>>> print(open('start_16.cif').read())   # mmCIF, C-alpha atoms and all ligand atoms
data_protein
#
loop_
_atom_site.label_atom_id
_atom_site.label_comp_id
_atom_site.auth_asym_id
_atom_site.auth_seq_id
_atom_site.Cartn_x
_atom_site.Cartn_y
_atom_site.Cartn_z
CA MET U 1 -2.39 -5.43 32.43
CA ASP U 2 -4.02 -5.56 29.00
CA LYS U 3 -2.04 -2.51 27.94
CA ASP U 4 1.10 -4.58 28.23
CA THR U 5 -0.06 -7.65 26.38
CA ARG U 6 -2.42 -6.57 23.60
CA LEU U 7 -1.33 -4.61 20.54
CA LYS U 8 -3.40 -1.67 19.40
CA LEU U 9 -3.56 -1.01 15.67
CA ALA U 10 -5.20 2.11 14.22
CA VAL U 11 -7.09 1.71 10.93
CA GLN U 12 -9.08 4.22 8.86
CA LYS U 13 -12.71 4.14 9.97
CA SER U 14 -14.32 4.75 6.60
CA GLY U 15 -12.50 5.58 3.43
CA ARG U 16 -10.30 4.25 0.69
CA LEU U 17 -8.02 2.34 3.07
CA THR U 18 -10.67 0.70 5.25
CA ASP U 19 -11.56 -2.38 3.20
CA PRO U 20 -8.06 -3.22 1.99
CA SER U 21 -6.72 -2.72 5.54
CA LEU U 22 -9.25 -5.16 6.99
CA ASP U 23 -8.63 -7.49 4.08
CA ILE U 24 -4.89 -7.75 4.69
CA LEU U 25 -5.47 -8.30 8.41
CA ALA U 26 -7.95 -11.08 7.63
CA ARG U 27 -5.42 -12.65 5.26
CA CYS U 28 -2.91 -12.49 8.11
CA GLY U 29 -5.34 -14.69 10.04
CA LEU U 30 -6.88 -12.07 12.32
CA LYS U 31 -10.46 -12.70 13.39
CA LEU U 32 -12.06 -9.49 14.60
CA SER U 33 -15.24 -9.35 16.59
CA ARG U 34 -16.90 -6.02 16.01
CA GLY U 35 -19.45 -4.03 14.16
CA LYS U 36 -17.99 -1.75 11.50
CA ASP U 37 -19.61 1.21 13.26
CA GLN U 38 -17.91 0.33 16.52
CA LEU U 39 -14.80 2.20 17.53
CA MET U 40 -12.81 -0.87 18.39
CA GLY U 41 -12.48 -4.40 17.04
CA PHE U 42 -11.33 -7.15 19.36
CA GLY U 43 -8.86 -9.70 18.01
CA GLU U 44 -10.31 -13.08 18.94
CA ASN U 45 -7.35 -15.20 17.96
CA MET U 46 -4.46 -12.72 18.33
CA PRO U 47 -3.63 -10.26 21.11
CA LEU U 48 -4.30 -7.44 18.66
CA ASP U 49 -7.15 -4.94 18.78
CA VAL U 50 -8.11 -2.56 15.98
CA LEU U 51 -9.11 1.04 16.60
CA PHE U 52 -11.23 2.64 13.88
CA VAL U 53 -10.35 6.32 13.51
CA ARG U 54 -10.01 9.14 10.96
CA ASP U 55 -6.92 8.47 8.84
CA ASP U 56 -5.50 11.92 9.62
CA ASP U 57 -5.50 11.01 13.31
CA ILE U 58 -3.50 7.81 12.90
CA PRO U 59 0.01 9.32 13.05
CA ASP U 60 -0.99 11.26 16.19
CA LEU U 61 -2.31 8.14 17.89
CA VAL U 62 0.99 6.39 17.28
CA GLN U 63 2.97 9.55 18.10
CA GLU U 64 1.18 9.84 21.44
CA ASP U 65 1.56 6.15 22.15
CA VAL U 66 -2.20 5.53 22.25
CA CYS U 67 -1.68 2.93 19.50
CA ASP U 68 1.35 0.74 18.87
CA LEU U 69 0.69 0.36 15.15
CA GLY U 70 -1.15 2.16 12.37
CA LEU U 71 -2.18 1.46 8.77
CA VAL U 72 -2.20 4.76 6.93
CA GLY U 73 -1.29 6.49 3.69
CA LEU U 74 2.24 7.77 3.14
CA ASN U 75 0.60 11.12 2.24
CA VAL U 76 -0.82 11.45 5.76
CA ILE U 77 2.45 10.36 7.40
CA GLU U 78 4.65 12.71 5.41
CA GLU U 79 2.35 15.69 5.94
CA LYS U 80 2.33 14.98 9.67
CA ARG U 81 6.11 14.59 9.75
CA LEU U 82 6.55 18.03 8.20
CA ALA U 83 3.87 19.57 10.44
CA LEU U 84 5.65 18.25 13.53
CA ALA U 85 9.03 19.39 12.25
CA ALA U 86 7.62 22.90 11.73
CA ARG U 87 6.81 22.90 15.44
CA GLY U 88 10.26 21.59 16.29
CA VAL U 89 8.91 18.16 17.22
CA GLN U 90 10.49 14.96 15.99
CA ALA U 91 8.06 12.46 14.42
CA ASN U 92 7.63 9.46 16.65
CA PHE U 93 6.69 6.74 14.20
CA ASP U 94 8.71 4.24 12.20
CA SER U 95 7.59 2.85 8.85
CA LEU U 96 7.66 -0.93 9.02
CA ARG U 97 6.26 -1.96 5.66
CA LYS U 98 5.18 -0.48 2.38
CA LEU U 99 1.84 -2.08 1.55
CA ASP U 100 0.53 -2.83 -1.91
CA PHE U 101 -2.75 -0.95 -1.59
CA GLY U 102 -3.91 2.63 -1.18
CA ARG U 103 -1.96 3.74 -4.21
CA CYS U 104 -2.60 7.36 -5.13
CA ARG U 105 -0.66 10.57 -5.71
CA LEU U 106 -0.73 14.02 -4.25
CA SER U 107 -0.93 16.26 -7.29
CA ILE U 108 -1.36 19.87 -8.24
CA ALA U 109 -4.24 20.39 -10.65
CA MET U 110 -5.58 23.41 -12.49
CA PRO U 111 -8.77 24.21 -14.37
CA GLU U 112 -8.88 22.78 -17.90
CA GLY U 113 -7.47 25.18 -20.45
CA THR U 114 -5.06 26.88 -18.04
CA ASN U 115 -1.69 27.68 -19.57
CA TYR U 116 0.92 25.65 -17.77
CA GLU U 117 4.59 25.21 -18.60
CA ASP U 118 6.42 24.17 -15.46
CA ALA U 119 6.34 24.76 -11.70
CA GLY U 120 7.24 28.39 -12.41
CA SER U 121 3.73 28.82 -13.83
CA LEU U 122 2.43 28.50 -10.25
CA ALA U 123 4.16 31.71 -9.13
CA GLY U 124 1.71 34.11 -7.50
CA LYS U 125 -1.17 31.62 -7.73
CA ARG U 126 -3.48 30.61 -4.88
CA ILE U 127 -3.36 26.83 -4.34
CA ALA U 128 -6.01 25.18 -2.17
CA THR U 129 -5.03 22.05 -0.24
CA THR U 130 -5.39 20.00 2.91
CA TYR U 131 -1.65 19.24 2.63
CA PRO U 132 -0.05 22.66 3.26
CA HIS U 133 3.30 21.28 4.42
CA LEU U 134 3.89 18.90 1.53
CA LEU U 135 2.78 21.59 -0.90
CA GLY U 136 5.02 24.16 0.83
CA GLN U 137 7.99 21.82 0.56
CA PHE U 138 7.29 21.25 -3.14
CA LEU U 139 7.05 24.98 -3.85
CA ALA U 140 10.20 25.75 -1.86
CA HIS U 141 12.06 23.00 -3.69
CA HIS U 142 11.11 24.60 -7.02
CA GLY U 143 11.80 28.11 -5.77
CA VAL U 144 8.23 29.16 -6.45
CA GLU U 145 6.34 31.71 -4.37
CA ALA U 146 2.65 30.95 -4.29
CA GLN U 147 -0.14 31.38 -1.80
CA ILE U 148 -1.19 28.21 0.03
CA VAL U 149 -4.88 28.22 0.91
CA THR U 150 -5.33 25.61 3.62
CA LEU U 151 -8.78 24.01 3.62
CA SER U 152 -10.18 21.15 5.65
CA GLY U 153 -11.93 19.44 2.74
CA ALA U 154 -13.81 19.80 -0.56
CA VAL U 155 -10.63 21.17 -2.10
CA GLU U 156 -11.71 20.27 -5.63
CA ILE U 157 -14.44 22.92 -5.71
CA ALA U 158 -12.21 25.79 -4.52
CA PRO U 159 -11.31 26.99 -8.04
CA ARG U 160 -14.96 27.10 -9.08
CA LEU U 161 -15.81 29.08 -5.96
CA GLY U 162 -13.08 31.57 -6.84
CA ARG U 163 -11.13 30.70 -3.70
CA ALA U 164 -8.09 29.35 -5.56
CA ASP U 165 -6.40 29.14 -8.97
CA ALA U 166 -5.18 25.59 -8.44
CA ILE U 167 -5.51 22.72 -6.02
CA CYS U 168 -3.15 20.20 -4.48
CA ASP U 169 -5.04 17.02 -3.60
CA LEU U 170 -4.98 13.25 -3.75
CA VAL U 171 -5.71 11.64 -7.08
CA SER U 172 -6.55 7.99 -7.26
CA THR U 173 -8.72 7.16 -10.26
CA GLY U 174 -8.79 10.78 -11.42
CA SER U 175 -12.58 10.88 -11.51
CA THR U 176 -12.85 13.66 -8.91
CA LEU U 177 -10.57 15.89 -11.02
CA ALA U 178 -12.42 15.05 -14.23
CA ALA U 179 -15.80 15.77 -12.62
CA ASN U 180 -14.50 19.19 -11.59
CA HIS U 181 -12.81 20.00 -14.93
CA LEU U 182 -9.35 20.03 -13.42
CA VAL U 183 -6.18 18.62 -14.96
CA GLU U 184 -3.06 17.40 -13.18
CA VAL U 185 0.04 19.49 -13.78
CA GLU U 186 2.52 18.28 -11.14
CA THR U 187 2.98 15.26 -8.88
CA VAL U 188 4.01 16.23 -5.35
CA LEU U 189 4.12 12.75 -3.80
CA GLU U 190 3.48 9.16 -4.88
CA SER U 191 1.60 7.47 -2.07
CA HIS U 192 0.56 4.01 -0.86
CA ALA U 193 -0.49 2.53 2.45
CA VAL U 194 2.20 2.02 5.09
CA LEU U 195 2.33 0.11 8.37
CA ILE U 196 3.80 2.34 11.05
CA ARG U 197 4.75 1.60 14.64
CA THR U 198 5.83 3.48 17.68
CA PRO U 199 9.62 3.51 18.07
CA ILE U 200 9.08 3.03 21.80
CA ALA U 201 10.20 -0.38 23.01
CA LEU U 202 7.26 -2.75 23.41
CA ALA U 203 6.87 -5.54 25.93
CA PRO U 204 8.51 -8.71 24.55
CA VAL U 205 5.16 -10.47 24.03
CA LYS U 206 3.87 -7.55 21.99
CA ASN U 207 7.08 -7.28 20.06
CA ALA U 208 6.94 -10.95 19.17
CA TRP U 209 3.45 -10.41 17.76
CA VAL U 210 4.62 -7.43 15.72
CA GLU U 211 7.28 -9.71 14.22
CA ARG U 212 4.73 -12.44 13.49
CA LEU U 213 2.39 -9.92 11.91
CA LEU U 214 5.19 -8.60 9.68
CA MET U 215 6.10 -12.11 8.58
CA ARG U 216 2.49 -12.81 7.70
CA ILE U 217 2.13 -9.50 5.85
CA ASP U 218 5.22 -10.35 3.82
CA GLY U 219 3.73 -13.74 3.04
CA VAL U 220 0.39 -12.25 2.06
CA GLN U 221 2.00 -9.64 -0.19
CA GLN U 222 4.21 -12.22 -1.85
CA VAL U 223 1.48 -14.70 -2.71
CA LYS U 224 -0.81 -12.10 -4.24
CA GLU U 225 0.67 -12.53 -7.70
CA SER U 226 2.34 -15.87 -7.14
CA LYS U 227 1.34 -18.99 -8.97
CA TYR U 228 2.39 -22.63 -8.75
CA ILE U 229 3.03 -24.01 -12.20
CA MET U 230 3.40 -27.65 -13.24
CA LEU U 231 4.28 -28.92 -16.70
CA HIS U 232 5.99 -31.64 -18.67
CA ALA U 233 8.85 -30.74 -21.00
CA PRO U 234 11.67 -32.23 -23.03
CA ARG U 235 14.82 -32.37 -20.94
CA ALA U 236 16.63 -30.59 -23.79
CA ALA U 237 14.28 -27.59 -23.52
CA LEU U 238 15.03 -26.98 -19.83
CA PRO U 239 17.16 -23.84 -20.26
CA GLU U 240 14.53 -22.24 -22.53
CA ILE U 241 11.66 -23.24 -20.20
CA ARG U 242 13.46 -21.82 -17.16
CA ARG U 243 13.98 -18.58 -19.00
CA LEU U 244 10.26 -18.38 -19.78
CA LEU U 245 9.04 -19.06 -16.24
CA PRO U 246 8.35 -15.62 -14.74
CA GLY U 247 10.06 -14.85 -11.43
CA SER U 248 10.86 -18.41 -10.41
CA GLU U 249 14.15 -19.26 -8.73
CA SER U 250 14.84 -23.00 -8.66
CA PRO U 251 12.18 -25.22 -10.17
CA THR U 252 11.82 -28.82 -9.07
CA ILE U 253 12.71 -31.22 -11.90
CA ILE U 254 11.16 -34.69 -11.63
CA PRO U 255 11.93 -37.62 -13.95
CA LEU U 256 8.94 -39.12 -15.73
CA GLU U 257 8.62 -42.91 -15.54
CA GLY U 258 9.03 -44.44 -19.00
CA HIS U 259 10.03 -41.15 -20.68
CA PRO U 260 13.80 -40.70 -20.24
CA ASP U 261 13.87 -37.56 -22.42
CA ARG U 262 10.98 -35.77 -20.70
CA VAL U 263 10.69 -34.32 -17.18
CA ALA U 264 8.00 -32.80 -14.99
CA ILE U 265 8.75 -29.27 -13.78
CA HIS U 266 7.18 -27.68 -10.72
CA ALA U 267 7.89 -24.06 -9.91
CA VAL U 268 6.59 -21.15 -7.87
CA CYS U 269 6.32 -18.08 -10.07
CA ARG U 270 6.39 -14.83 -8.13
CA GLU U 271 4.59 -13.05 -10.91
CA ASN U 272 1.30 -13.71 -12.58
CA VAL U 273 1.39 -16.35 -15.32
CA PHE U 274 -0.35 -15.08 -18.43
CA TRP U 275 -1.67 -16.99 -21.43
CA GLU U 276 1.24 -15.61 -23.48
CA THR U 277 3.66 -17.31 -21.10
CA LEU U 278 1.83 -20.62 -21.37
CA GLU U 279 1.78 -20.35 -25.15
CA GLY U 280 5.53 -19.67 -25.12
CA LEU U 281 6.12 -22.69 -22.90
CA LYS U 282 4.02 -24.87 -25.17
CA ALA U 283 5.94 -23.66 -28.20
CA ALA U 284 9.14 -24.68 -26.36
CA GLY U 285 7.81 -28.22 -26.13
CA ALA U 286 5.92 -28.17 -22.81
CA SER U 287 2.72 -30.11 -22.30
CA ALA U 288 0.29 -30.88 -19.45
CA LEU U 289 0.51 -27.30 -18.19
CA LEU U 290 -1.24 -26.53 -14.94
CA VAL U 291 -1.28 -23.18 -13.09
CA LEU U 292 -2.49 -23.08 -9.49
CA PRO U 293 -3.01 -20.17 -7.10
CA VAL U 294 -0.72 -20.02 -4.08
CA GLU U 295 -2.56 -19.53 -0.82
CA LYS U 296 0.17 -19.07 1.76
CA MET U 297 3.93 -18.72 1.61
CA LEU U 298 6.52 -18.66 4.35
CA ALA U 299 10.11 -18.18 3.32
C1 LIG G 1 -9.26 11.78 -1.98
C2 LIG G 1 -9.25 13.17 -2.57
C3 LIG G 1 -10.32 13.15 -3.62
C4 LIG G 1 -10.42 11.70 -3.98
C5 LIG G 1 -9.75 11.45 -5.31
O1 LIG G 1 -10.01 11.72 -0.83
O2 LIG G 1 -9.47 14.15 -1.60
O3 LIG G 1 -11.54 13.58 -3.09
O4 LIG G 1 -9.77 10.93 -2.98
O5 LIG G 1 -9.98 10.14 -5.76
P1 LIG G 1 -10.28 9.85 -7.28
O6 LIG G 1 -9.11 10.34 -8.08
O7 LIG G 1 -10.41 8.34 -7.35
O8 LIG G 1 -11.55 10.54 -7.65
P2 LIG G 1 -9.93 10.47 0.22
O9 LIG G 1 -10.87 9.40 -0.19
O10 LIG G 1 -8.52 10.07 0.40
O11 LIG G 1 -10.50 11.08 1.56
P3 LIG G 1 -9.75 11.99 2.65
O12 LIG G 1 -8.77 12.84 1.91
O13 LIG G 1 -10.87 12.74 3.27
O14 LIG G 1 -9.09 11.06 3.62
ZN ZN G 2 -8.48 11.86 5.56
#
>>> encode(input="start_16.cif", output="structure tokens", more="lines below")
Ligand code: PRP
Ligand code: ZN
Amino acid sequence: MDKDTRLKLAVQKSGRLTDPSLDILARCGLKLSRGKDQLMGFGENMPLDVLFVRDDDIPDLVQEDVCDLGLVGLNVIEEKRLALAARGVQANFDSLRKLDFGRCRLSIAMPEGTNYEDAGSLAGKRIATTYPHLLGQFLAHHGVEAQIVTLSGAVEIAPRLGRADAICDLVSTGSTLAANHLVEVETVLESHAVLIRTPIALAPVKNAWVERLLMRIDGVQQVKESKYIMLHAPRAALPEIRRLLPGSESPTIIPLEGHPDRVAIHAVCRENVFWETLEGLKAAGASALLVLPVEKMLA
């Protein structure tokens, strides 16, 4: 019976996506009872359970309908999509949301000092990667013939071991490349975390919770940078003030008792409010400026 009422969401067990994944779920109101080392977290206040797995397994779990949802990098999804296509299988997962964490890129890198002009410089080279399909697609697209050396990990040391002339791997801060004296020469894919779901129809109760989760995720992602700003300003400066308020649609204008030429302005800014903005507002005649964080937002 549980299978029909509780959602299963796959999350990376330990890695770059683990903490931000759990963080966004917590911001969506999910209370999980679990130990981090446990395979499964039980949603105490939502019919949603979290499975902790290797990120590379997440598309498969959704593909095989073991999980309804997954939080995983676009890099993993796209590699899996191509791997399935190569076997004549259609990928069975839909991307629901692009998430604002897990940003990285799949790049080709070569040892420092290597002569590199353009993708043509890769012709005849051995390129080590754990992403053979994405790399293959990139090479085909550029009409380059190179040898793809598929490894299961520790790609960055392959050139030093004489196993490859270049690598194709994820770059986030770039410190792994720097530590191994490699420099990026091409970007194969820009990646970020994605929420995927099975395209298979879910029971209405489960579907309703997917919708609620999406609405909350949207709210969470919107408020991240959003600020609530309050200020007093001369009525005459309104057009200028509105122009200066970053990413705000329709501010609330409130008359000020005893000051017919001044108003109070309240607005939600969907971008961060920097000191420069406040200084600009002040120069336009604003006073009593107050910037508050926004905790939740529901459009
Ligand atoms: C990637 C990649 C590098 C590292 C790069 O691994 O394989 O080792 O991150 O990050 P940096 O530019 O900040 O040094 P990841 O943590 O994604 O692990 P996985 O590929 O095993 O899932
Ligand atoms: Zn991985």
>>> residues_near_ligand(input="start_16.cif", ligand="ligand LIG 1 (chain G)", cutoff="10 Å", atoms="all atoms listed in the file", output="number ranges by chain")
U: 12, 14-17, 54-56, 72-73, 75-76, 102, 104-106, 129-131, 152-156, 168-180
>>> atom_distance(input="start_16.cif", atom1="CA of Leu48 (chain U)", atom2="CA of Leu32 (chain U)")
9.0 Å
>>> closest_residue(input="start_16.cif", among="U:Arg197, U:Lys8, U:Arg235, U:Arg243", to="Asp94 (chain U)", atoms="all atoms listed in the file")
U:Arg197
>>> atom_distance(input="start_16.cif", atom1="CA of Glu117 (chain U)", atom2="CA of Leu139 (chain U)")
15.0 Å
>>> closest_residue(input="start_16.cif", among="U:His192, U:Ala166, U:Val268, U:Thr277", to="Tyr116 (chain U)", atoms="only C-alpha atoms")
U:Ala166
>>> atom_distance(input="start_16.cif", atom1="CA of Ala128 (chain U)", atom2="CA of Ala158 (chain U)")
6.7 Å
>>> closest_residue(input="start_16.cif", among="U:Cys269, U:Ala86, U:Leu96, U:Ala123", to="Thr198 (chain U)", atoms="all atoms listed in the file")
U:Leu96
>>> residues_around(input="start_16.cif", residues="Lys282 (chain U)", least_positions_apart="2", cutoff="12 Å", atoms="all atoms listed in the file", output="MDAnalysis selection string")
chainID U and resid 231:234 237 240:241 244:245 275:280 284:290
>>> closest_residue(input="start_16.cif", among="U:Ile229, U:Asp23, U:Asn272, U:Val185", to="Asp100 (chain U)", atoms="only C-alpha atoms")
U:Asp23
>>> residues_around(input="start_16.cif", residues="Asn207 (chain U)", least_positions_apart="3", cutoff="12 Å", atoms="only C-alpha atoms", output="JSON, numbers by chain")
{"U": [4, 5, 6, 7, 8, 47, 48, 68, 69, 197, 198, 199, 200, 201, 202, 203, 204, 210, 211, 212, 213, 214]}
>>> closest_residue(input="start_16.cif", among="U:Val53, U:Leu22, U:Leu195, U:Ala119", to="ligand ZN 2 (chain G)", atoms="only C-alpha atoms and all ligand atoms")
U:Val53
>>> residues_around(input="start_16.cif", residues="Val188 (chain U)", least_positions_apart="4", cutoff="8 Å", atoms="all atoms listed in the file", output="number ranges by chain")
U: 105-108, 134-135, 138
>>> closest_residue(input="start_16.cif", among="U:Ile24, U:Ser33, U:Glu79, U:Arg242", to="ligand ZN 2 (chain G)", atoms="all atoms listed in the file")
U:Glu79
>>> residues_around(input="start_16.cif", residues="Pro59 (chain U)", least_positions_apart="5", cutoff="9 Å", atoms="all atoms listed in the file", output="ChimeraX atom specification")
/U:10,64,70,72,76-77,80-81,91-93,196
>>> residues_around(input="start_16.cif", residues="Val294 (chain U)", least_positions_apart="2", cutoff="10 Å", atoms="all atoms listed in the file", output="VMD selection string")
chain U and resid 220 222 to 229 268 to 270 291 to 292 296 to 297
>>> residues_near_point(input="start_16.cif", point="(4.1, 23.0, 7.4)", cutoff="6 Å", atoms="only C-alpha atoms", output="PyMOL selection string")
chain U and resi 82-83+86+132-133
>>> decode(input="start_16.cif", residues="region 85-102 of chain U", atoms="N, CA and C atoms", output="PDB file, in the first residue's frame")
ATOM      1  N   ALA U  85      20.438   5.656 -25.277  1.00  0.00           N
ATOM      2  CA  ALA U  85      20.164   5.802 -26.711  1.00  0.00           C
ATOM      3  C   ALA U  85      21.067   4.886 -27.531  1.00  0.00           C
ATOM      4  N   ALA U  86      22.343   4.757 -27.079  1.00  0.00           N
ATOM      5  CA  ALA U  86      23.294   3.909 -27.801  1.00  0.00           C
ATOM      6  C   ALA U  86      22.837   2.456 -27.785  1.00  0.00           C
ATOM      7  N   ARG U  87      22.059   2.101 -26.757  1.00  0.00           N
ATOM      8  CA  ARG U  87      21.526   0.740 -26.682  1.00  0.00           C
ATOM      9  C   ARG U  87      20.123   0.657 -27.262  1.00  0.00           C
ATOM     10  N   GLY U  88      19.674   1.752 -27.861  1.00  0.00           N
ATOM     11  CA  GLY U  88      18.351   1.766 -28.471  1.00  0.00           C
ATOM     12  C   GLY U  88      17.225   1.889 -27.462  1.00  0.00           C
ATOM     13  N   VAL U  89      17.569   2.354 -26.247  1.00  0.00           N
ATOM     14  CA  VAL U  89      16.548   2.501 -25.207  1.00  0.00           C
ATOM     15  C   VAL U  89      16.247   3.983 -25.010  1.00  0.00           C
ATOM     16  N   GLN U  90      14.970   4.282 -24.880  1.00  0.00           N
ATOM     17  CA  GLN U  90      14.545   5.659 -24.661  1.00  0.00           C
ATOM     18  C   GLN U  90      14.665   6.005 -23.172  1.00  0.00           C
ATOM     19  N   ALA U  91      15.262   7.153 -22.862  1.00  0.00           N
ATOM     20  CA  ALA U  91      15.375   7.558 -21.451  1.00  0.00           C
ATOM     21  C   ALA U  91      13.993   7.759 -20.858  1.00  0.00           C
ATOM     22  N   ASN U  92      13.834   7.262 -19.631  1.00  0.00           N
ATOM     23  CA  ASN U  92      12.534   7.298 -18.991  1.00  0.00           C
ATOM     24  C   ASN U  92      12.512   8.244 -17.805  1.00  0.00           C
ATOM     25  N   PHE U  93      13.031   9.454 -18.010  1.00  0.00           N
ATOM     26  CA  PHE U  93      12.940  10.431 -16.928  1.00  0.00           C
ATOM     27  C   PHE U  93      12.713  11.816 -17.506  1.00  0.00           C
ATOM     28  N   ASP U  94      11.870  12.572 -16.837  1.00  0.00           N
ATOM     29  CA  ASP U  94      11.567  13.938 -17.251  1.00  0.00           C
ATOM     30  C   ASP U  94      12.238  14.907 -16.292  1.00  0.00           C
ATOM     31  N   SER U  95      12.813  15.984 -16.836  1.00  0.00           N
ATOM     32  CA  SER U  95      13.380  17.026 -15.977  1.00  0.00           C
ATOM     33  C   SER U  95      12.260  17.949 -15.535  1.00  0.00           C
ATOM     34  N   LEU U  96      12.112  18.098 -14.236  1.00  0.00           N
ATOM     35  CA  LEU U  96      11.040  18.955 -13.709  1.00  0.00           C
ATOM     36  C   LEU U  96      11.530  20.363 -13.406  1.00  0.00           C
ATOM     37  N   ARG U  97      12.699  20.462 -12.822  1.00  0.00           N
ATOM     38  CA  ARG U  97      13.221  21.774 -12.434  1.00  0.00           C
ATOM     39  C   ARG U  97      14.734  21.803 -12.546  1.00  0.00           C
ATOM     40  N   LYS U  98      15.226  22.945 -12.993  1.00  0.00           N
ATOM     41  CA  LYS U  98      16.644  23.253 -12.924  1.00  0.00           C
ATOM     42  C   LYS U  98      16.883  23.836 -11.535  1.00  0.00           C
ATOM     43  N   LEU U  99      17.833  23.343 -10.806  1.00  0.00           N
ATOM     44  CA  LEU U  99      18.054  23.824  -9.444  1.00  0.00           C
ATOM     45  C   LEU U  99      19.298  24.699  -9.381  1.00  0.00           C
ATOM     46  N   ASP U 100      19.288  25.640  -8.438  1.00  0.00           N
ATOM     47  CA  ASP U 100      20.406  26.592  -8.422  1.00  0.00           C
ATOM     48  C   ASP U 100      21.548  26.136  -7.517  1.00  0.00           C
ATOM     49  N   PHE U 101      21.901  24.851  -7.624  1.00  0.00           N
ATOM     50  CA  PHE U 101      23.114  24.381  -6.954  1.00  0.00           C
ATOM     51  C   PHE U 101      23.749  23.299  -7.825  1.00  0.00           C
ATOM     52  N   GLY U 102      24.918  22.829  -7.400  1.00  0.00           N
ATOM     53  CA  GLY U 102      25.594  21.784  -8.172  1.00  0.00           C
ATOM     54  C   GLY U 102      26.147  22.289  -9.495  1.00  0.00           C
TER      55      GLY U 102
END
